[in-house]
Amino acid sequence: MILHAETALLPEGWARDVRIVIEDGRIASISPGHAPEGLAHGCLLPAPVNLHSHTFQRAMAGLTEARTAGQDSFWTWRALMYRFLDRLSPEDVQAIAAQAMVEMAESGFSADCEFHYLHHPVGGGTYADAGEMSARIAAAASETGLGLTHLPVIYEQGGVDGRALAGGQLRFGSSPEVYAALLEGAGRALSAMPDAVLGVAPHSLRAVSRATLDRVAGMVPGGPVHIHIAEQVAEVAEVQAAWGARPVDWAVANLPLDRRWCMIHATQMTPAETSALAKTGAVAGLCPITEANLGDGIFDAPGWLAAGGAFGVGSDSNVRISLPEELRLLEYSQRLNLKARAVMADTRSTGRLLWQGAAKGGAQAAGRGAGAIAVGEWADLLALDTVDLRLQGLGGDQLLDAFVFAGRDGLVTDLWSAGRHIVQNGQHIARDAIAHRFRATMHRLREAL
């Protein structure tokens, strides 16, 4: 496959008249200053990875915005989520995941890091194949063509005190032996997908025993390791009371943190924690839309960047799936917090720093390469509609700034995931069939609510 771009964002900067040859899903050659040839596009960008998603929660979007008794919070939202998931079958999970993945691709994400903890039947126990639910996620990725880093979650206890799981949590819980079977099943489900990656995800410090935390990085040697960390004030207080240290301080001192790790949220950090965590090489997995929706707090982006930290963005609860909006809200939250503008810009514009940072950090967190348009990398690319009135006549960093801060849905005309051309003319190639199945699933679920 040969693509041509009037302009493309390469690692060294913007280039004109770029010819890109794709072979076996990877970029085989890049030639700037080349005469038009093959499929022609106005602008090609590296397509970032969605580094944190729970796809089944896409079915809850917009259903949890009424206030419950007292002050609503993350914890009351979680209780509603547990009641909802009591209705989900394996078939439902696949239908919902596929719809979420279509929306991810159309918004500009090339792959999904699926932080997958819905493993078991209602009430607990296991399916005949312990990896049944992982196989459903893999099937959704296969039918949509979206890249997948699958992260089966180990979830052992109801809190740092080791209390037993109850209610909706029973669908998550796994002993080390059951979890080993889950990983084996997930590996089988991914085996036919050429660019799929298997990782591991201890849910959080409160939900995993210390013994498991001590050996988690070795469960999938070389694979990504993702964990929720310091998302809520109550979580920080619980860990500090039990272990004598704040979650990030404890993690830096006790876990083998390195570039394999992705620390999700990290919205409750002191400046010293921010600097120490950034220097481990771990990626900060930021989900600004969900963090705002749940009232988590604001990540310290200036402190993180000053310490050389890597970051990426994810859609988490999938209440709204929009890559540019995740980036926009990341910067806007900093502006509101600091009463300043262009907080995350450096010598590059804000939009370009956000885009390249998210592409690089997301790829690192996914075990998916460098997140750049470069020879040897997966062909994870997107094309923008440069004739749209919001983008027309713009180039370079201004084009990216306009897309991120002034754009609208539908500006991604085409997207390739490992060379698979899954979005064409602004729509996913399987959109209609997947939406039809999702609509039927949601009709039945909402009737049961």
# chains A, B, ... in the order shown; residues from 1 in each chain; ligands from 1

call {"tool": "closest_atom_pairs", "arguments": {"of": "segment 72-151 of chain A", "to": "segment 219-224 of chain A", "cutoff": "12 Å", "atoms": "only C-alpha atoms", "output": "tab-separated table"}}
result
residue	atom	partner	partner_atom	distance
A:Cys113	CA	A:Pro224	CA	9.8
A:Glu114	CA	A:Pro224	CA	11.6
A:Phe115	CA	A:Pro224	CA	11.2
A:Thr149	CA	A:Pro224	CA	8.5
A:His150	CA	A:Pro224	CA	9.3
A:Leu151	CA	A:Pro224	CA	8.0

call {"tool": "select_by_dssp", "arguments": {"residues": "segment 117-316 of chain A", "states": "alpha helix (DSSP H)", "output": "JSON, numbers by chain"}}
result
{"A": [132, 133, 134, 135, 136, 137, 138, 139, 140, 141, 142, 143, 144, 176, 177, 178, 179, 180, 181, 182, 183, 184, 185, 186, 187, 188, 189, 190, 210, 211, 212, 213, 214, 215, 233, 234, 235, 236, 237, 238, 239, 240, 241, 242, 243, 247, 248, 249, 250, 251, 252, 253, 254, 271, 272, 273, 274, 275, 276, 277, 278, 288, 289, 290, 291, 292, 293, 301, 302, 303, 304, 305, 306]}

call {"tool": "residues_around", "arguments": {"residues": "Leu381 of chain A", "least_positions_apart": "6", "cutoff": "7 Å", "atoms": "only C-alpha atoms", "output": "list in words"}}
result
Leu44, Leu45, Pro46, Ala47, Leu415, Trp416 and Ser417 of chain A

call {"tool": "closest_residue", "arguments": {"among": "A:His52, A:Arg431, A:Arg188, A:Arg446", "to": "Ala284 of chain A", "atoms": "only C-alpha atoms"}}
result
A:His52

call {"tool": "residues_around", "arguments": {"residues": "segment 98-101 of chain A", "least_positions_apart": "6", "cutoff": "10 Å", "atoms": "only C-alpha atoms", "output": "JSON, numbers by chain"}}
result
{"A": [50, 53, 54, 55, 56, 57, 58, 59, 92, 107, 109, 110, 111, 112, 136, 137, 138, 139, 140, 141, 142, 143, 144, 145, 146, 147, 148, 315, 318, 320, 321, 428, 430, 431, 432, 433, 434, 435, 436, 437, 438, 439]}

call {"tool": "write_last_selection", "arguments": {"atoms": "N, CA and C atoms", "output": "short mmCIF file (atom, residue, chain, number, x, y, z; two decimals), in the first residue's frame"}}
result
data_model
loop_
_atom_site.label_atom_id
_atom_site.label_comp_id
_atom_site.auth_asym_id
_atom_site.auth_seq_id
_atom_site.Cartn_x
_atom_site.Cartn_y
_atom_site.Cartn_z
N ASN A 50 -5.46 4.51 22.52
CA ASN A 50 -6.31 4.74 23.68
C ASN A 50 -5.74 3.88 24.81
N SER A 53 -9.18 1.85 28.81
CA SER A 53 -10.61 1.76 28.51
C SER A 53 -11.22 0.56 29.22
N HIS A 54 -12.46 0.76 29.68
CA HIS A 54 -13.34 -0.33 30.11
C HIS A 54 -14.52 -0.29 29.12
N THR A 55 -14.43 -1.06 28.04
CA THR A 55 -15.41 -0.88 26.96
C THR A 55 -16.84 -1.15 27.40
N PHE A 56 -17.07 -2.07 28.35
CA PHE A 56 -18.45 -2.39 28.71
C PHE A 56 -19.16 -1.17 29.29
N GLN A 57 -18.41 -0.22 29.85
CA GLN A 57 -19.04 0.95 30.44
C GLN A 57 -19.61 1.91 29.38
N ARG A 58 -19.28 1.68 28.11
CA ARG A 58 -19.89 2.48 27.04
C ARG A 58 -21.41 2.39 27.10
N ALA A 59 -21.93 1.25 27.54
CA ALA A 59 -23.37 1.06 27.61
C ALA A 59 -24.02 1.90 28.71
N ASP A 92 -23.43 -9.61 25.15
CA ASP A 92 -23.59 -8.17 25.36
C ASP A 92 -22.24 -7.47 25.38
N SER A 107 -12.76 8.50 16.08
CA SER A 107 -12.25 9.71 16.74
C SER A 107 -10.74 9.86 16.60
N PHE A 109 -8.26 7.10 17.43
CA PHE A 109 -7.45 6.11 18.15
C PHE A 109 -7.17 4.92 17.24
N SER A 110 -5.90 4.47 17.22
CA SER A 110 -5.53 3.34 16.37
C SER A 110 -5.62 2.01 17.10
N ALA A 111 -5.63 2.03 18.42
CA ALA A 111 -5.62 0.80 19.21
C ALA A 111 -6.19 1.10 20.59
N ASP A 112 -6.55 0.03 21.28
CA ASP A 112 -7.18 0.14 22.60
C ASP A 112 -6.40 -0.69 23.61
N ARG A 136 -14.13 -12.47 24.09
CA ARG A 136 -15.13 -11.56 23.54
C ARG A 136 -14.51 -10.21 23.18
N ILE A 137 -13.60 -9.73 24.01
CA ILE A 137 -12.91 -8.47 23.70
C ILE A 137 -12.04 -8.65 22.45
N ALA A 138 -11.34 -9.79 22.38
CA ALA A 138 -10.51 -10.06 21.21
C ALA A 138 -11.37 -10.16 19.95
N ALA A 139 -12.55 -10.76 20.06
CA ALA A 139 -13.44 -10.88 18.90
C ALA A 139 -13.91 -9.50 18.44
N ALA A 140 -14.20 -8.61 19.39
CA ALA A 140 -14.62 -7.25 19.03
C ALA A 140 -13.50 -6.52 18.31
N ALA A 141 -12.27 -6.68 18.80
CA ALA A 141 -11.13 -6.05 18.13
C ALA A 141 -10.92 -6.63 16.73
N SER A 142 -11.10 -7.93 16.59
CA SER A 142 -10.92 -8.56 15.28
C SER A 142 -11.95 -8.06 14.27
N GLU A 143 -13.22 -7.92 14.70
CA GLU A 143 -14.24 -7.51 13.74
C GLU A 143 -14.16 -6.03 13.42
N THR A 144 -13.57 -5.23 14.30
CA THR A 144 -13.43 -3.80 14.01
C THR A 144 -12.09 -3.46 13.38
N GLY A 145 -11.08 -4.34 13.55
CA GLY A 145 -9.75 -4.08 13.02
C GLY A 145 -8.92 -3.17 13.90
N LEU A 146 -9.45 -2.74 15.06
CA LEU A 146 -8.69 -1.88 15.96
C LEU A 146 -7.58 -2.68 16.62
N GLY A 147 -6.41 -2.07 16.78
CA GLY A 147 -5.34 -2.73 17.51
C GLY A 147 -5.73 -2.96 18.96
N LEU A 148 -5.16 -3.98 19.58
CA LEU A 148 -5.55 -4.34 20.94
C LEU A 148 -4.34 -4.67 21.79
N SER A 315 -9.93 6.71 27.17
CA SER A 315 -11.34 7.06 27.29
C SER A 315 -12.01 6.44 28.50
N ASN A 318 -15.70 5.65 28.95
CA ASN A 318 -16.32 5.79 27.63
C ASN A 318 -17.65 6.54 27.68
N ARG A 320 -17.83 9.53 26.92
CA ARG A 320 -17.71 10.28 25.66
C ARG A 320 -16.40 9.85 25.03
N ILE A 321 -16.43 9.37 23.81
CA ILE A 321 -15.22 8.88 23.15
C ILE A 321 -14.78 9.91 22.12
N HIS A 428 -16.33 4.23 10.05
CA HIS A 428 -15.76 2.89 10.17
C HIS A 428 -16.42 1.97 9.16
N ALA A 430 -17.29 -1.04 9.23
CA ALA A 430 -18.32 -1.96 9.73
C ALA A 430 -19.31 -1.25 10.64
N ARG A 431 -19.40 0.05 10.51
CA ARG A 431 -20.21 0.84 11.44
C ARG A 431 -21.67 0.37 11.50
N ASP A 432 -22.33 0.20 10.37
CA ASP A 432 -23.77 -0.06 10.35
C ASP A 432 -24.12 -1.38 11.02
N ALA A 433 -23.41 -2.44 10.68
CA ALA A 433 -23.71 -3.75 11.25
C ALA A 433 -23.46 -3.77 12.76
N ILE A 434 -22.37 -3.14 13.18
CA ILE A 434 -22.04 -3.13 14.61
C ILE A 434 -23.03 -2.27 15.38
N ALA A 435 -23.43 -1.13 14.81
CA ALA A 435 -24.42 -0.26 15.47
C ALA A 435 -25.77 -0.96 15.58
N HIS A 436 -26.15 -1.73 14.57
CA HIS A 436 -27.42 -2.45 14.61
C HIS A 436 -27.44 -3.43 15.78
N ARG A 437 -26.37 -4.17 15.96
CA ARG A 437 -26.30 -5.13 17.06
C ARG A 437 -26.26 -4.42 18.41
N PHE A 438 -25.51 -3.33 18.49
CA PHE A 438 -25.42 -2.55 19.73
C PHE A 438 -26.80 -1.99 20.09
N ARG A 439 -27.52 -1.48 19.09
CA ARG A 439 -28.85 -0.90 19.36
C ARG A 439 -29.79 -1.95 19.95
#

call {"tool": "residues_around", "arguments": {"residues": "segment 204-216 of chain A", "least_positions_apart": "4", "cutoff": "6 Å", "atoms": "only C-alpha atoms", "output": "PyMOL selection string"}}
result
chain A and resi 155-160+227-228

call {"tool": "closest_residue", "arguments": {"among": "A:Gly218, A:Gly396, A:Gly369, A:Gly407", "to": "Ala15 of chain A", "atoms": "only C-alpha atoms"}}
result
A:Gly396

call {"tool": "residues_around", "arguments": {"residues": "Asn337 of chain A", "least_positions_apart": "3", "cutoff": "12 Å", "atoms": "only C-alpha atoms", "output": "PyMOL selection string"}}
result
chain A and resi 297-302+329-334+340-341+343

call {"tool": "closest_atom_pairs", "arguments": {"of": "segment 212-259 of chain A", "to": "segment 264-271 of chain A", "cutoff": "12 Å", "atoms": "only C-alpha atoms", "output": "JSON lines"}}
result
{"residue": "A:Val225", "atom": "CA", "partner": "A:Ile264", "partner_atom": "CA", "distance": 10.6}
{"residue": "A:His226", "atom": "CA", "partner": "A:Ile264", "partner_atom": "CA", "distance": 7.1}
{"residue": "A:Ile227", "atom": "CA", "partner": "A:Ile264", "partner_atom": "CA", "distance": 5.9}
{"residue": "A:His228", "atom": "CA", "partner": "A:Ile264", "partner_atom": "CA", "distance": 4.6}
{"residue": "A:Ile229", "atom": "CA", "partner": "A:Ala266", "partner_atom": "CA", "distance": 5.3}
{"residue": "A:Ala230", "atom": "CA", "partner": "A:Ala266", "partner_atom": "CA", "distance": 4.8}
{"residue": "A:Glu231", "atom": "CA", "partner": "A:Thr267", "partner_atom": "CA", "distance": 5.3}
{"residue": "A:Gln232", "atom": "CA", "partner": "A:Gln268", "partner_atom": "CA", "distance": 6.6}
{"residue": "A:Val233", "atom": "CA", "partner": "A:Gln268", "partner_atom": "CA", "distance": 6.7}
{"residue": "A:Ala234", "atom": "CA", "partner": "A:Gln268", "partner_atom": "CA", "distance": 10.1}
{"residue": "A:Glu235", "atom": "CA", "partner": "A:Gln268", "partner_atom": "CA", "distance": 9.3}
{"residue": "A:Val236", "atom": "CA", "partner": "A:Gln268", "partner_atom": "CA", "distance": 7.5}
{"residue": "A:Ala237", "atom": "CA", "partner": "A:Gln268", "partner_atom": "CA", "distance": 10.6}
{"residue": "A:Arg246", "atom": "CA", "partner": "A:Met269", "partner_atom": "CA", "distance": 8.6}
{"residue": "A:Pro247", "atom": "CA", "partner": "A:Met269", "partner_atom": "CA", "distance": 8.7}
{"residue": "A:Val248", "atom": "CA", "partner": "A:Met269", "partner_atom": "CA", "distance": 7.1}
{"residue": "A:Asp249", "atom": "CA", "partner": "A:Met269", "partner_atom": "CA", "distance": 8.9}
{"residue": "A:Trp250", "atom": "CA", "partner": "A:Met269", "partner_atom": "CA", "distance": 11.8}
{"residue": "A:Ala251", "atom": "CA", "partner": "A:Ala266", "partner_atom": "CA", "distance": 11.4}

call {"tool": "write_last_selection", "arguments": {"atoms": "N, CA and C atoms", "output": "compact mmCIF listing (two decimals), in the first residue's frame"}}
result
# COMPACT_ATOMS: atom_id res chain seq x y z
N VAL A 225 2.37 -3.42 32.09
CA VAL A 225 1.75 -3.56 33.41
C VAL A 225 1.02 -2.25 33.71
N HIS A 226 -0.30 -2.33 33.87
CA HIS A 226 -1.11 -1.14 34.14
C HIS A 226 -1.77 -1.26 35.50
N ILE A 227 -1.92 -0.14 36.20
CA ILE A 227 -2.56 -0.14 37.52
C ILE A 227 -3.22 1.21 37.76
N HIS A 228 -4.43 1.19 38.35
CA HIS A 228 -5.04 2.43 38.84
C HIS A 228 -4.24 2.90 40.05
N ILE A 229 -3.95 4.19 40.12
CA ILE A 229 -3.16 4.69 41.25
C ILE A 229 -3.63 6.09 41.64
N ALA A 230 -3.86 6.31 42.93
CA ALA A 230 -4.09 7.63 43.50
C ALA A 230 -5.14 8.43 42.75
N GLU A 231 -6.28 7.79 42.47
CA GLU A 231 -7.34 8.46 41.73
C GLU A 231 -8.21 9.32 42.64
N GLN A 232 -8.47 8.81 43.85
CA GLN A 232 -9.43 9.46 44.76
C GLN A 232 -8.79 9.78 46.11
N VAL A 233 -9.26 10.85 46.73
CA VAL A 233 -8.77 11.24 48.06
C VAL A 233 -8.99 10.11 49.06
N ALA A 234 -10.17 9.48 49.01
CA ALA A 234 -10.46 8.39 49.95
C ALA A 234 -9.51 7.22 49.76
N GLU A 235 -9.13 6.95 48.52
CA GLU A 235 -8.18 5.87 48.24
C GLU A 235 -6.82 6.18 48.86
N VAL A 236 -6.37 7.42 48.73
CA VAL A 236 -5.09 7.83 49.33
C VAL A 236 -5.13 7.64 50.84
N ALA A 237 -6.21 8.07 51.46
CA ALA A 237 -6.33 7.96 52.91
C ALA A 237 -6.34 6.51 53.35
N ARG A 246 1.54 7.19 51.31
CA ARG A 246 0.60 7.51 50.24
C ARG A 246 0.82 6.54 49.06
N PRO A 247 -0.22 6.31 48.24
CA PRO A 247 -0.09 5.28 47.19
C PRO A 247 1.10 5.45 46.26
N VAL A 248 1.34 6.65 45.75
CA VAL A 248 2.46 6.82 44.82
C VAL A 248 3.79 6.66 45.54
N ASP A 249 3.92 7.21 46.75
CA ASP A 249 5.14 7.01 47.52
C ASP A 249 5.39 5.52 47.73
N TRP A 250 4.34 4.79 48.09
CA TRP A 250 4.50 3.35 48.33
C TRP A 250 4.89 2.63 47.05
N ALA A 251 4.25 2.97 45.94
CA ALA A 251 4.54 2.31 44.68
C ALA A 251 5.98 2.55 44.24

call {"tool": "residues_around", "arguments": {"residues": "segment 279-283 of chain A", "least_positions_apart": "5", "cutoff": "8 Å", "atoms": "only C-alpha atoms", "output": "list in words"}}
result
Val252, Leu257, Asp258, Arg259, Arg260, Trp261, Cys262, Met263, Ala307, Gly308, Gly309, Ala310, Phe311, Gly312, Gly361, Gly362, Gln364 and Ala365 of chain A

call {"tool": "write_last_selection", "arguments": {"atoms": "N, CA and C atoms", "output": "mmCIF file, in the first residue's frame"}}
result
data_model
loop_
_atom_site.group_PDB
_atom_site.id
_atom_site.type_symbol
_atom_site.label_atom_id
_atom_site.label_comp_id
_atom_site.auth_asym_id
_atom_site.auth_seq_id
_atom_site.Cartn_x
_atom_site.Cartn_y
_atom_site.Cartn_z
ATOM 1 N N VAL A 252 6.443 3.781 44.339
ATOM 2 C CA VAL A 252 7.820 4.100 43.926
ATOM 3 C C VAL A 252 8.819 3.326 44.783
ATOM 4 N N LEU A 257 8.996 -0.271 39.171
ATOM 5 C CA LEU A 257 8.459 0.606 38.138
ATOM 6 C C LEU A 257 9.513 0.926 37.083
ATOM 7 N N ASP A 258 9.098 0.841 35.822
ATOM 8 C CA ASP A 258 9.965 1.191 34.703
ATOM 9 C C ASP A 258 9.075 1.504 33.509
ATOM 10 N N ARG A 259 9.614 1.472 32.316
ATOM 11 C CA ARG A 259 8.865 1.866 31.125
ATOM 12 C C ARG A 259 7.728 0.913 30.793
ATOM 13 N N ARG A 260 7.699 -0.269 31.375
ATOM 14 C CA ARG A 260 6.599 -1.194 31.134
ATOM 15 C C ARG A 260 5.316 -0.754 31.841
ATOM 16 N N TRP A 261 5.444 0.056 32.856
ATOM 17 C CA TRP A 261 4.305 0.365 33.710
ATOM 18 C C TRP A 261 3.540 1.583 33.196
ATOM 19 N N CYS A 262 2.217 1.529 33.371
ATOM 20 C CA CYS A 262 1.353 2.681 33.113
ATOM 21 C C CYS A 262 0.525 2.925 34.366
ATOM 22 N N MET A 263 0.667 4.115 34.921
ATOM 23 C CA MET A 263 0.009 4.483 36.176
ATOM 24 C C MET A 263 -1.226 5.314 35.830
ATOM 25 N N ALA A 307 9.639 17.036 35.047
ATOM 26 C CA ALA A 307 10.458 15.903 35.495
ATOM 27 C C ALA A 307 10.727 14.912 34.374
ATOM 28 N N GLY A 308 10.320 15.258 33.151
ATOM 29 C CA GLY A 308 10.577 14.381 32.006
ATOM 30 C C GLY A 308 9.613 13.237 31.875
ATOM 31 N N GLY A 309 8.418 13.341 32.464
ATOM 32 C CA GLY A 309 7.464 12.243 32.448
ATOM 33 C C GLY A 309 6.775 12.047 31.113
ATOM 34 N N ALA A 310 6.456 10.792 30.816
ATOM 35 C CA ALA A 310 5.700 10.428 29.612
ATOM 36 C C ALA A 310 4.222 10.322 29.964
ATOM 37 N N PHE A 311 3.355 10.656 28.992
ATOM 38 C CA PHE A 311 1.919 10.571 29.244
ATOM 39 C C PHE A 311 1.194 10.101 27.993
ATOM 40 N N GLY A 312 -0.002 9.593 28.210
ATOM 41 C CA GLY A 312 -0.921 9.277 27.134
ATOM 42 C C GLY A 312 -2.327 9.502 27.632
ATOM 43 N N GLY A 361 3.604 8.330 24.353
ATOM 44 C CA GLY A 361 3.323 7.681 25.626
ATOM 45 C C GLY A 361 2.315 6.563 25.501
ATOM 46 N N GLY A 362 1.300 6.748 24.646
ATOM 47 C CA GLY A 362 0.317 5.699 24.457
ATOM 48 C C GLY A 362 0.920 4.453 23.836
ATOM 49 N N GLN A 364 4.051 3.514 24.064
ATOM 50 C CA GLN A 364 4.882 2.887 25.094
ATOM 51 C C GLN A 364 4.023 2.067 26.045
ATOM 52 N N ALA A 365 2.920 2.642 26.499
ATOM 53 C CA ALA A 365 2.060 1.940 27.447
ATOM 54 C C ALA A 365 1.434 0.696 26.835
#

call {"tool": "atom_distance", "arguments": {"atom1": "atom CA of Val412 of chain A", "atom2": "atom CA of Arg335 of chain A"}}
result
26.4 Å

call {"tool": "atom_distance", "arguments": {"atom1": "atom CA of Val319 of chain A", "atom2": "atom CA of Arg171 of chain A"}}
result
21.6 Å

call {"tool": "closest_residue", "arguments": {"among": "A:Ala366, A:Leu3, A:Ala359, A:Leu411", "to": "Ile22 of chain A", "atoms": "only C-alpha atoms"}}
result
A:Leu3

call {"tool": "select_by_dssp", "arguments": {"residues": "segment 204-407 of chain A", "states": "strand (DSSP E or B)", "output": "JSON, numbers by chain"}}
result
{"A": [204, 225, 226, 227, 228, 229, 261, 262, 263, 264, 265, 283, 284, 285, 286, 310, 311, 312, 313, 316, 378, 381, 382, 383, 384]}

call {"tool": "closest_residue", "arguments": {"among": "A:Asp409, A:Asp401, A:Glu447, A:Glu291", "to": "Gly108 of chain A", "atoms": "only C-alpha atoms"}}
result
A:Asp409

call {"tool": "atom_distance", "arguments": {"atom1": "atom CA of Pro288 of chain A", "atom2": "atom CA of Leu336 of chain A"}}
result
13.3 Å

call {"tool": "closest_residue", "arguments": {"among": "A:Ile96, A:Ala28, A:Met344, A:Ala128", "to": "Ala61 of chain A", "atoms": "only C-alpha atoms"}}
result
A:Ile96
